[in-house]
Amino acid sequence: MTDHTHDPVGPGHDDDGHAIRHDGRLYGVLAEYDTPGELIEAARKVRDAGFTEFDCYSPFPVHGIDEAMGIKRTILPVLIFGGGFAGTCGGLLLQWWCNAYSWPWNISGKPTWSIPANIPIAFETTILLAVFTSFFGMWILNKLPQVWHPFFRNERFNHVTDDAFLLGIEARDRRFDAEATPKLLTDAGAIGVENVYLDPDPASRQMPKWIAAFIVASTAFALIPFAIAAKARTSHSAEPHMHIFPDMDFQPKYKSDQAMDLFADGRENRGELAGTIARGSLNADDLFYRGLDRSDSGGAWTTKFPAQLDVNEQLVKRGKNRYEIYCAPCHGFDGRGAGAIPQRVAATGGVWLARNLVDASNPVAIHMPNGQLFNTISNGYNTMMGYAAQIPHADRWAIVLYVRALQRSQNASLEDVPPDHRSGMQMPEAPTP
Amino acid sequence: MSALQKSLHSDEKYKAGKLGQALQKIGVGIAVVCLGFSLVYTLLSDPEPARVAGHFDPATNVGDRWSRFLHAYVIGWSYIFSICVGVFFLVLLHHLSRGRWATAVRRIAEAMSMAFPIVFASGLVFVIALLAGYKDLYYWAHPDAALCLEPAAGAACHEFLHPTLVHKLGWLSPGFFAVRYVIYAVAYTGMAAYFIKKSREQDESGDPQLSEKLRIASAPAMIVYSLVTCFAAFDILMSLAPQWYSTIYGVNFWGSACVGGFAALALMVLGIQRTGRLTHSINPEHYHDIGKWMFAFTFFWAYTAFSQFMLQWYGNLPEETVWYKYRLFGEWQWVSIAMLVGFFAFPFVFLMSRWTKRIVPSLVFFAVWQLVFHWLDLYWNAMPSYDWHVAHHGAATMVAGPLSGSTAYHHVGFSPVDISVWFGLIGVLLVGFGRNLKGNLIPVKDPTLGLSLAHENL
Amino acid sequence: MSTTDATVASHHADAGKAREAFRSVTRDVAWIAEAPKPHKLWLAVLAVALVMFGIGLYCIYVLVTTGIGVWGNSNTVDWAWDITNFVWWIGIGHAGTLISAVLYLTRQTWRVSINRSAEAMTIFAVMCAGLFPLLHTGRPWFAWWMIPHPNDMQMWPQFRSPLMWDVFAVTTYMLTSILFWYMGMVPDLATFRDRWAAKGDKLRAIIYGTLSLGWRGSARQWHRYERAYLILAGLATPLVFSVHSVVSFDFATSQLPGWHTTIFPPYFVAGAIFSGFAMVFTLLIPARHLFNLKHIIKDEHVEAACKIMLGTGMMVGLAYATEFFIAWYSGNLFEGFTFINRAFGPFWWAYFLMVGCNVLVPQAFWFKKVRRTPVAIFFLCILINVGMWFERFVIIATSLARSFLPAQWSEYSPTRYDIGLFIGTLGLFFTLFLLFFRYAPVIAISEVKGAMPEAHAGKKH
């Protein structure tokens, strides 16, 4: 490459050493200086002369040039402080919202909003946001990336990143003059001053079509995984889950009710062995476990209560508690059979019968012996299912007791009330016809 | 970074002249007035709060007034000690790293570090009290602390005292404590004296070899300094709560000490300049750097303090959390909040900006602010240990020491003695500074002086 | 204004010398990327590194498809090589940020010869480190749940856990290191762009041109760039403290003796800087010799690094002494036992290796003769890294293998997959570093120029 560092003012040369066409518009003028010190002095002179659209170019930041050029301090530190502050607030808010508000969990007794435990993450988010503001803010304020600049056409400019110190003034500056400006630069000690022209072909200043196409295509490709994820989250699939790493998902063992060809009946479930009873399942006492009174031969339903239970207020209360859980949905809280389920079915136009347990006009339940009531609770009747699996035996007896108490209470007379409780009571008026 | 050099301004006043004596006079005045007030106040004070706090004569059951005075004294002493420790760090670091910016202020820092002898002399008040058998300052010097050594101690001992106290009563005994105190005094004084002596020699000869000698000496000095600072913190402050421990305590103390040290240096430099000395040599570039170190150590203190707090909070071991529990609930919670906001958050945010560090009134404000909060840090560390629990077993009473038993808080409250003793000891510190502000206030022939005078921040 | 021709001529000659100095810096760094064929030794070491990486990939495959059982972890020693490696690698990464940020803030201009390589090393070390917490979860494909995202189960991460703090700290550290490193490289990538453009290589010019964002050395842009660089350095400094402190919180927030101690954060940070510097110079001492960079990465810089290693090694030693003292002072029987066990229990050999390599080995750096012998420094740095690996291993394995109840005590030994994975990360690290060395500007060209005395040529005083 020929050394153009000491050329007089001229049209400049491009990278291949050819003189650049200067029938394009003048963009500006570039002057090269030998040393950083001279660049600073030249910058000072240019600024004192009133130019604003100019810049200095160097391979490293030259100390003292900011002041010579009159560069104002950037606002970037203020933005970074704001970014950091947003990071702090964001970090604390994130942790508070997730762990103390949305779904609070007790983790080893720590408060759900544990400020000491939240500080490390809040600190990191502060730094992260501040760093992002610093990095992206700086590039944005510097208007980079800007991969093309008219000065890149100049061969001297190629050396800026190596060892050259240049000063460039743009022609659009108000004080620019095609003769006076280069003279000012030369007088300041330039070792070379060159005009830089825009390429007359405007197409050279536009982004090549293939780059634009590449950007669009790659953005579209990059969105594909997100589109797949979005579709998966909003649609249904009959396919089973994918097992990328099967781990222990498919275990070589048999699960309940699976088919198994080891046994003649093909079942995994073997059931009870004939002639055996599981420990604790003997349930020999017929009265307690089945409500049958074997004292007379024949095994009629008992009219008593089992000896194991104390028939007292506590048992009634227990029966009430259990009745309201298991029985009231159909039979109603008052036992008259108008519970929530029959009402709901009736509201939709159907019929659901639940026996009235208490009214004298419906004597079946009133005359039913205790043992038979017990049996109905255990094994069900017609559409009523048996509750033996849900309700232990003692609780079933408690329910029987409570039903009896309900029956008594709904068919009582004033004489049934203890004397000292009678004063505030009145019999209901008979309805007027 | 500028590689330029400047030479000392021809009109520069760099001789101390009568400055040292003047400062000593002021120091003596403050010390006499404040310590005198403290003594009188303590003599006339009501002994009842002290008795409630567990400090009393078992024979007469009358409260011991001097306990409060001595606790305040230990805190005030730790304060002046820590300032010297912080300032001395700059001297050592400067030599170790072949620093350049600080040369202009280094002589002042060296002179301030040479207050160590006076500081250690003033500490003899509580050391000699301990050796004489005073029992109401450090619980490990109290006869009840050794109760678990008695075979008949039984239930009383284990209910209120951790047996973990007993095994270290050899280490934490007045005699060994005093021996270590002397070791600290000799180490700090010896190092500070060496550095200022060689530095003053260089004023005469300008010999660059002296800088080399100091640089080589600064490395082992840094090692001795680190060890001695950590153990001094363990002995004098951490052992006020002898059943508690924290490995980072020494580092935390050092961080706080450096905040105080750099703040004190800023005030000393600015004060000297107000007397017309060194007005050309020390400029906002130097203020900026001192401010940067204040900022950096404010952050470092917060980092070590948070580490200690968060780890003991998170681990939730009762023998550790008892120390924090006392300070985070009840009357001390406000002091804790004041520390977080005042010692860390507020100065941290405002010292970030260039301008708060370069403009004199602002730097003065933050230096004074941090000096006050550094004292509050030491107060918060030490004063809760004034509250001692007294256990009753039938007819017998036993003093169980700080942070023991059910941590029943007493109202430790606030006493004017806390402040007056603090100020009195500041007076003592000023005497220590004044004694060494003589001769040249700037190392006139130090090879790096030119670079320091021309120093520029970005 | 010049007066005589002679003055002008001598001025030009001086300026010419200064400019030649700048050009030689550019050439001395750029030739590595511009050499048509890479150095034979570079190819050989790359081949070895790729083989090591391959071993690691195989171990990862077995681990992910089979499960954590392929490691030697046991019921009570549930962290061993995995977390030791994680902490070791993260620690190594810290030197880069220290060199870039802290040495910048303390105006140690000698950093400019090593900061670029050190920053690159940080990024690669953090990449290696990040593998371990990811893999040790056992089902790493669920790791994305650690990033809070809206979901229909209202499932959020448990932010109160130090393991979550790790996620945020390491991610922030990774991103910050990459951004800082890249930002520093942009002016040098522009230098490469211009050199390739001048040579006529359009493809490489476009690649480097795109990467350098069109940087043109404008003073107005340098102003904001410098400001951002300073602030990033100011942000990276507390960040580097916080990252290894957060890593230390993984241990210190527990109640295990030997783990639960308040000095862990600064102790870990000092140890990280210690091992990081050792790794930087393990890489750069051979590199500066093979690639003729001794006049940029000077002997004085290596010597300064030795002093930093000595200093941080002493800090680590101080932490050992303090922990030992307080273990006795506290009177906590378990704590006391833990420290006796470290020296005399089943891993006593690891303990003595640790103390030997971390406290005794750096003492050699007191001697100027050692500080000026690169070969000796190279081997001492390797020993330091070995010692720091054993430090983390001792902390983890001894406390877990001998914790509170004797019924919990168990033995530990690594499996081939533990070792293979570690070798794999070494392979990954060296592969990436070698690639960086060949294709990127390995020294901060613009910063070196700015730190030279010639940068002030022509200035009036």
# chains A, B, ... in the order shown; residues from 1 in each chain; ligands from 1
>>> closest_atom_pairs(of="chain C", to="chain B", cutoff="7 Å", atoms="only C-alpha atoms", output="CSV")
residue,atom,partner,partner_atom,distance
C:Ala252,CA,B:Leu311,CA,6.4
C:Thr253,CA,B:Gly315,CA,5.3
C:Ser254,CA,B:Gly315,CA,5.6
C:Gln255,CA,B:Gly315,CA,5.6
C:Thr261,CA,B:Thr247,CA,6.4
C:Thr262,CA,B:Gln308,CA,5.2
C:Ile263,CA,B:Ile248,CA,4.3
C:Pro265,CA,B:Ser307,CA,7.0
C:Thr322,CA,B:Thr247,CA,6.3
C:Glu323,CA,B:Thr247,CA,6.2
C:Ile326,CA,B:Thr247,CA,6.4
C:Tyr329,CA,B:Lys168,CA,6.4
C:Ser330,CA,B:Tyr245,CA,6.2
C:Gly331,CA,B:Thr164,CA,4.5
C:Asn332,CA,B:Thr164,CA,6.8
>>> write_last_selection(atoms="N, CA and C atoms", output="compact mmCIF listing (two decimals), in the first residue's frame")
# COMPACT_ATOMS: atom_id res chain seq x y z
N ALA C 252 -22.94 -21.93 54.35
CA ALA C 252 -22.99 -21.25 55.64
C ALA C 252 -24.38 -21.11 56.20
N THR C 253 -25.42 -21.18 55.37
CA THR C 253 -26.77 -21.05 55.90
C THR C 253 -27.25 -22.34 56.55
N SER C 254 -26.47 -23.41 56.41
CA SER C 254 -26.88 -24.65 57.05
C SER C 254 -26.49 -24.61 58.51
N GLN C 255 -26.69 -25.72 59.21
CA GLN C 255 -26.24 -25.77 60.61
C GLN C 255 -25.09 -26.75 60.79
N THR C 261 -20.50 -20.94 59.39
CA THR C 261 -19.59 -20.00 60.03
C THR C 261 -19.64 -18.69 59.26
N THR C 262 -19.64 -17.56 59.99
CA THR C 262 -19.94 -16.30 59.32
C THR C 262 -18.83 -15.80 58.41
N ILE C 263 -17.61 -16.32 58.56
CA ILE C 263 -16.52 -15.77 57.75
C ILE C 263 -16.51 -16.33 56.33
N PRO C 265 -18.29 -15.91 53.56
CA PRO C 265 -18.32 -15.05 52.36
C PRO C 265 -16.98 -14.41 52.00
N THR C 322 -8.56 -18.31 61.84
CA THR C 322 -9.70 -17.78 62.59
C THR C 322 -10.73 -18.87 62.85
N GLU C 323 -11.03 -19.67 61.80
CA GLU C 323 -12.02 -20.74 61.97
C GLU C 323 -11.57 -21.71 63.05
N ILE C 326 -11.87 -20.04 66.54
CA ILE C 326 -13.25 -19.91 67.00
C ILE C 326 -13.88 -21.28 67.23
N TYR C 329 -12.86 -21.68 70.63
CA TYR C 329 -13.44 -20.63 71.48
C TYR C 329 -14.93 -20.87 71.71
N SER C 330 -15.61 -21.32 70.67
CA SER C 330 -17.06 -21.45 70.78
C SER C 330 -17.48 -22.50 71.79
N GLY C 331 -16.61 -23.46 72.03
CA GLY C 331 -16.97 -24.52 72.96
C GLY C 331 -17.97 -25.50 72.39
N ASN C 332 -18.28 -25.35 71.11
CA ASN C 332 -19.24 -26.24 70.47
C ASN C 332 -18.52 -27.56 70.17
>>> interface_residues(of="chain A", to="chain B", cutoff="12 Å", atoms="only C-alpha atoms", output="PyMOL selection string")
chain A and resi 61-64+66-67+73+77-78+80-81+84-85+107-111+114-120+123
>>> interface_residues(of="chain C", to="chain A", cutoff="6 Å", atoms="only C-alpha atoms", output="number ranges by chain")
C: 15, 19, 22-23, 65, 156, 160, 165, 169, 172, 191, 194, 213-214, 217-219, 221-222, 228, 446, 450, 457-459
>>> write_last_selection(atoms="C-alpha atoms", output="CSV table (one decimal), in the first residue's frame")
chain,number,residue,atom,x,y,z
C,15,ALA,CA,5.6,11.1,16.1
C,19,ARG,CA,2.9,5.6,15.7
C,22,PHE,CA,1.1,1.6,18.3
C,23,ARG,CA,1.3,-0.3,15.0
C,65,THR,CA,-30.0,-41.2,31.0
C,156,TRP,CA,-43.0,-20.4,42.0
C,160,ARG,CA,-35.6,-18.1,50.3
C,165,TRP,CA,-29.7,-17.3,45.1
C,169,ALA,CA,-26.0,-14.9,41.1
C,172,THR,CA,-26.0,-12.4,36.5
C,191,THR,CA,-9.1,-3.2,14.4
C,194,ASP,CA,-9.9,-2.9,9.2
C,213,LEU,CA,-21.0,-2.9,15.4
C,214,GLY,CA,-19.4,-0.4,13.0
C,217,GLY,CA,-13.1,5.3,17.2
C,218,SER,CA,-15.2,8.5,17.4
C,219,ALA,CA,-14.3,10.6,20.5
C,221,GLN,CA,-18.5,7.5,21.3
C,222,TRP,CA,-15.4,6.9,23.3
C,228,ALA,CA,-20.0,2.8,30.7
C,446,SER,CA,-6.8,-0.2,22.4
C,450,GLY,CA,-3.9,4.0,25.8
C,457,ALA,CA,2.7,12.3,22.7
C,458,GLY,CA,2.4,15.9,21.6
C,459,LYS,CA,0.5,17.0,24.6
>>> atom_distance(atom1="atom CA of Cys381 of chain C", atom2="atom CA of Ala278 of chain C")
4.6 Å
>>> atom_distance(atom1="atom CA of Gly332 of chain A", atom2="atom CA of Met384 of chain A")
14.2 Å
>>> residues_around(residues="segment 335-345 of chain A", least_positions_apart="3", cutoff="9 Å", atoms="only C-alpha atoms", output="VMD selection string")
chain A and resid 327 to 332 348 to 359 403 406 to 407
>>> write_last_selection(atoms="C-alpha atoms", output="PDB file, in the first residue's frame")
ATOM      1  CA  CYS A 327     -76.583 -38.601  55.604  1.00  0.00           C
ATOM      2  CA  ALA A 328     -77.760 -35.027  55.434  1.00  0.00           C
ATOM      3  CA  PRO A 329     -76.977 -34.556  51.719  1.00  0.00           C
ATOM      4  CA  CYS A 330     -79.884 -36.822  50.873  1.00  0.00           C
ATOM      5  CA  HIS A 331     -81.993 -37.105  54.001  1.00  0.00           C
ATOM      6  CA  GLY A 332     -81.696 -33.449  54.955  1.00  0.00           C
ATOM      7  CA  THR A 348     -83.364 -30.138  37.054  1.00  0.00           C
ATOM      8  CA  GLY A 349     -86.646 -31.954  36.544  1.00  0.00           C
ATOM      9  CA  GLY A 350     -85.771 -35.373  37.879  1.00  0.00           C
ATOM     10  CA  VAL A 351     -86.748 -37.371  40.921  1.00  0.00           C
ATOM     11  CA  TRP A 352     -84.491 -38.545  43.706  1.00  0.00           C
ATOM     12  CA  LEU A 353     -86.161 -40.261  46.610  1.00  0.00           C
ATOM     13  CA  ALA A 354     -84.612 -40.121  50.042  1.00  0.00           C
ATOM     14  CA  ARG A 355     -86.673 -41.601  52.832  1.00  0.00           C
ATOM     15  CA  ASN A 356     -88.265 -39.330  55.393  1.00  0.00           C
ATOM     16  CA  LEU A 357     -86.846 -40.716  58.590  1.00  0.00           C
ATOM     17  CA  VAL A 358     -88.782 -38.771  61.193  1.00  0.00           C
ATOM     18  CA  ASP A 359     -92.412 -37.960  60.353  1.00  0.00           C
ATOM     19  CA  VAL A 403     -81.653 -40.699  64.041  1.00  0.00           C
ATOM     20  CA  LEU A 406     -84.264 -36.783  65.551  1.00  0.00           C
ATOM     21  CA  GLN A 407     -87.342 -38.966  65.446  1.00  0.00           C
TER      22      GLN A 407
END
>>> atom_distance(atom1="atom CA of Glu34 of chain C", atom2="atom CA of Ala47 of chain C")
20.8 Å
>>> closest_residue(among="B:Cys258, B:Glu285, B:Arg200, B:His142", to="Lys438 of chain B", atoms="only C-alpha atoms")
B:Arg200
>>> select_by_dssp(residues="segment 233-400 of chain A", states="strand (DSSP E)", output="MDAnalysis selection string")
chainID A and resid 292:293 300:301 380:381 384:385
>>> residues_around(residues="Ile207 of chain C", least_positions_apart="3", cutoff="10 Å", atoms="only C-alpha atoms", output="PDB file with N, CA and C atoms, in the first residue's frame")
ATOM      1  N   LEU C 189     -12.091  -5.632  17.802  1.00  0.00           N
ATOM      2  CA  LEU C 189     -12.706  -6.319  16.658  1.00  0.00           C
ATOM      3  C   LEU C 189     -12.733  -5.377  15.463  1.00  0.00           C
ATOM      4  N   PHE C 192      -9.419  -5.559  13.891  1.00  0.00           N
ATOM      5  CA  PHE C 192      -9.316  -6.749  13.033  1.00  0.00           C
ATOM      6  C   PHE C 192     -10.056  -6.527  11.724  1.00  0.00           C
ATOM      7  N   ARG C 193     -11.248  -5.924  11.842  1.00  0.00           N
ATOM      8  CA  ARG C 193     -12.046  -5.662  10.647  1.00  0.00           C
ATOM      9  C   ARG C 193     -11.240  -4.846   9.644  1.00  0.00           C
ATOM     10  N   TRP C 196      -8.391  -6.834   8.012  1.00  0.00           N
ATOM     11  CA  TRP C 196      -8.859  -7.772   6.979  1.00  0.00           C
ATOM     12  C   TRP C 196      -9.359  -7.010   5.760  1.00  0.00           C
ATOM     13  N   LYS C 202     -12.889 -10.000   2.118  1.00  0.00           N
ATOM     14  CA  LYS C 202     -14.194  -9.388   2.371  1.00  0.00           C
ATOM     15  C   LYS C 202     -14.994 -10.165   3.403  1.00  0.00           C
ATOM     16  N   LEU C 203     -14.916 -11.508   3.376  1.00  0.00           N
ATOM     17  CA  LEU C 203     -15.740 -12.301   4.288  1.00  0.00           C
ATOM     18  C   LEU C 203     -15.379 -12.024   5.737  1.00  0.00           C
ATOM     19  N   ARG C 204     -14.064 -12.120   6.032  1.00  0.00           N
ATOM     20  CA  ARG C 204     -13.659 -11.879   7.415  1.00  0.00           C
ATOM     21  C   ARG C 204     -13.945 -10.441   7.824  1.00  0.00           C
ATOM     22  N   THR C 210     -19.421  -6.910  11.448  1.00  0.00           N
ATOM     23  CA  THR C 210     -20.697  -7.058  12.128  1.00  0.00           C
ATOM     24  C   THR C 210     -20.502  -7.115  13.633  1.00  0.00           C
ATOM     25  N   LEU C 211     -19.509  -7.919  14.041  1.00  0.00           N
ATOM     26  CA  LEU C 211     -19.270  -8.069  15.481  1.00  0.00           C
ATOM     27  C   LEU C 211     -18.833  -6.771  16.119  1.00  0.00           C
ATOM     28  N   SER C 212     -18.133  -5.915  15.366  1.00  0.00           N
ATOM     29  CA  SER C 212     -17.651  -4.670  15.973  1.00  0.00           C
ATOM     30  C   SER C 212     -18.654  -3.542  15.866  1.00  0.00           C
TER      31      SER C 212
END
>>> select_by_dssp(residues="segment 162-228 of chain B", states="helix (DSSP H, G or I)", output="ChimeraX atom specification")
/B:166-168,174-205,208-228
>>> write_last_selection(atoms="C-alpha atoms", output="PDB file, in the first residue's frame")
ATOM      1  CA  VAL B 166     -16.059 -22.359  81.216  1.00  0.00           C
ATOM      2  CA  HIS B 167     -13.451 -23.891  78.942  1.00  0.00           C
ATOM      3  CA  LYS B 168     -12.208 -20.517  77.707  1.00  0.00           C
ATOM      4  CA  PRO B 174      -7.613 -10.646  83.223  1.00  0.00           C
ATOM      5  CA  GLY B 175      -3.961 -11.703  83.198  1.00  0.00           C
ATOM      6  CA  PHE B 176      -3.836 -13.199  79.724  1.00  0.00           C
ATOM      7  CA  PHE B 177      -6.084 -10.405  78.436  1.00  0.00           C
ATOM      8  CA  ALA B 178      -3.593  -7.838  79.710  1.00  0.00           C
ATOM      9  CA  VAL B 179      -0.693  -9.723  78.135  1.00  0.00           C
ATOM     10  CA  ARG B 180      -2.424  -9.719  74.766  1.00  0.00           C
ATOM     11  CA  TYR B 181      -3.279  -6.043  75.200  1.00  0.00           C
ATOM     12  CA  VAL B 182       0.392  -5.282  75.610  1.00  0.00           C
ATOM     13  CA  ILE B 183       1.180  -7.367  72.524  1.00  0.00           C
ATOM     14  CA  TYR B 184      -1.332  -5.370  70.497  1.00  0.00           C
ATOM     15  CA  ALA B 185       0.082  -2.102  71.824  1.00  0.00           C
ATOM     16  CA  VAL B 186       3.644  -3.086  70.956  1.00  0.00           C
ATOM     17  CA  ALA B 187       2.699  -4.395  67.513  1.00  0.00           C
ATOM     18  CA  TYR B 188       0.674  -1.387  66.388  1.00  0.00           C
ATOM     19  CA  THR B 189       2.988   1.186  67.894  1.00  0.00           C
ATOM     20  CA  GLY B 190       6.052  -0.541  66.533  1.00  0.00           C
ATOM     21  CA  MET B 191       4.669  -0.726  63.003  1.00  0.00           C
ATOM     22  CA  ALA B 192       3.335   2.824  62.958  1.00  0.00           C
ATOM     23  CA  ALA B 193       6.602   4.150  64.365  1.00  0.00           C
ATOM     24  CA  TYR B 194       8.667   2.308  61.775  1.00  0.00           C
ATOM     25  CA  PHE B 195       6.656   3.667  58.884  1.00  0.00           C
ATOM     26  CA  ILE B 196       6.679   7.271  60.008  1.00  0.00           C
ATOM     27  CA  LYS B 197      10.329   7.153  60.996  1.00  0.00           C
ATOM     28  CA  LYS B 198      11.486   5.949  57.620  1.00  0.00           C
ATOM     29  CA  SER B 199       9.149   8.345  55.877  1.00  0.00           C
ATOM     30  CA  ARG B 200      10.604  11.282  57.826  1.00  0.00           C
ATOM     31  CA  GLU B 201      14.123  10.081  57.047  1.00  0.00           C
ATOM     32  CA  GLN B 202      13.260  10.345  53.407  1.00  0.00           C
ATOM     33  CA  ASP B 203      12.441  14.047  53.887  1.00  0.00           C
ATOM     34  CA  GLU B 204      16.142  14.612  54.566  1.00  0.00           C
ATOM     35  CA  SER B 205      17.812  12.311  52.098  1.00  0.00           C
ATOM     36  CA  PRO B 208      14.351   6.147  46.896  1.00  0.00           C
ATOM     37  CA  GLN B 209      15.710   3.054  48.627  1.00  0.00           C
ATOM     38  CA  LEU B 210      13.678   4.037  51.686  1.00  0.00           C
ATOM     39  CA  SER B 211      10.510   3.692  49.636  1.00  0.00           C
ATOM     40  CA  GLU B 212      11.669   0.219  48.674  1.00  0.00           C
ATOM     41  CA  LYS B 213      12.373  -0.664  52.310  1.00  0.00           C
ATOM     42  CA  LEU B 214       8.917   0.503  53.309  1.00  0.00           C
ATOM     43  CA  ARG B 215       7.328  -1.415  50.482  1.00  0.00           C
ATOM     44  CA  ILE B 216       9.095  -4.594  51.503  1.00  0.00           C
ATOM     45  CA  ALA B 217       8.203  -4.041  55.152  1.00  0.00           C
ATOM     46  CA  SER B 218       4.554  -3.389  54.364  1.00  0.00           C
ATOM     47  CA  ALA B 219       3.874  -7.008  53.412  1.00  0.00           C
ATOM     48  CA  PRO B 220       4.739  -8.673  56.742  1.00  0.00           C
ATOM     49  CA  ALA B 221       3.292  -5.601  58.460  1.00  0.00           C
ATOM     50  CA  MET B 222      -0.023  -6.229  56.703  1.00  0.00           C
ATOM     51  CA  ILE B 223      -0.008  -9.808  57.975  1.00  0.00           C
ATOM     52  CA  VAL B 224       0.710  -8.776  61.554  1.00  0.00           C
ATOM     53  CA  TYR B 225      -1.854  -5.963  61.238  1.00  0.00           C
ATOM     54  CA  SER B 226      -4.583  -8.367  60.072  1.00  0.00           C
ATOM     55  CA  LEU B 227      -3.943 -10.876  62.843  1.00  0.00           C
ATOM     56  CA  VAL B 228      -3.682  -8.282  65.573  1.00  0.00           C
TER      57      VAL B 228
END
>>> decode(residues="segment 376-387 of chain B", atoms="N, CA and C atoms", output="short mmCIF file (atom, residue, chain, number, x, y, z; two decimals), in the first residue's frame")
data_model
loop_
_atom_site.label_atom_id
_atom_site.label_comp_id
_atom_site.auth_asym_id
_atom_site.auth_seq_id
_atom_site.Cartn_x
_atom_site.Cartn_y
_atom_site.Cartn_z
N LEU B 376 -21.91 4.71 66.54
CA LEU B 376 -23.16 4.03 66.83
C LEU B 376 -23.03 2.53 66.57
N ASP B 377 -22.25 2.16 65.55
CA ASP B 377 -22.01 0.75 65.25
C ASP B 377 -21.34 0.06 66.44
N LEU B 378 -20.32 0.72 66.99
CA LEU B 378 -19.62 0.12 68.13
C LEU B 378 -20.53 0.09 69.35
N TYR B 379 -21.32 1.12 69.51
CA TYR B 379 -22.26 1.20 70.65
C TYR B 379 -23.27 0.06 70.55
N TRP B 380 -23.79 -0.14 69.34
CA TRP B 380 -24.78 -1.19 69.10
C TRP B 380 -24.17 -2.56 69.33
N ASN B 381 -22.88 -2.69 68.99
CA ASN B 381 -22.19 -3.95 69.22
C ASN B 381 -22.02 -4.25 70.70
N ALA B 382 -21.65 -3.22 71.46
CA ALA B 382 -21.17 -3.45 72.82
C ALA B 382 -22.19 -3.18 73.92
N MET B 383 -22.97 -2.13 73.80
CA MET B 383 -23.79 -1.72 74.94
C MET B 383 -24.85 -2.73 75.36
N PRO B 384 -25.47 -3.47 74.43
CA PRO B 384 -26.45 -4.45 74.92
C PRO B 384 -25.85 -5.45 75.91
N SER B 385 -24.53 -5.64 75.86
CA SER B 385 -23.93 -6.57 76.82
C SER B 385 -23.83 -5.99 78.21
N TYR B 386 -24.23 -4.75 78.38
CA TYR B 386 -24.28 -4.15 79.72
C TYR B 386 -25.41 -4.78 80.53
N ASP B 387 -26.40 -5.32 79.81
CA ASP B 387 -27.59 -5.85 80.48
C ASP B 387 -27.31 -7.28 80.93
#
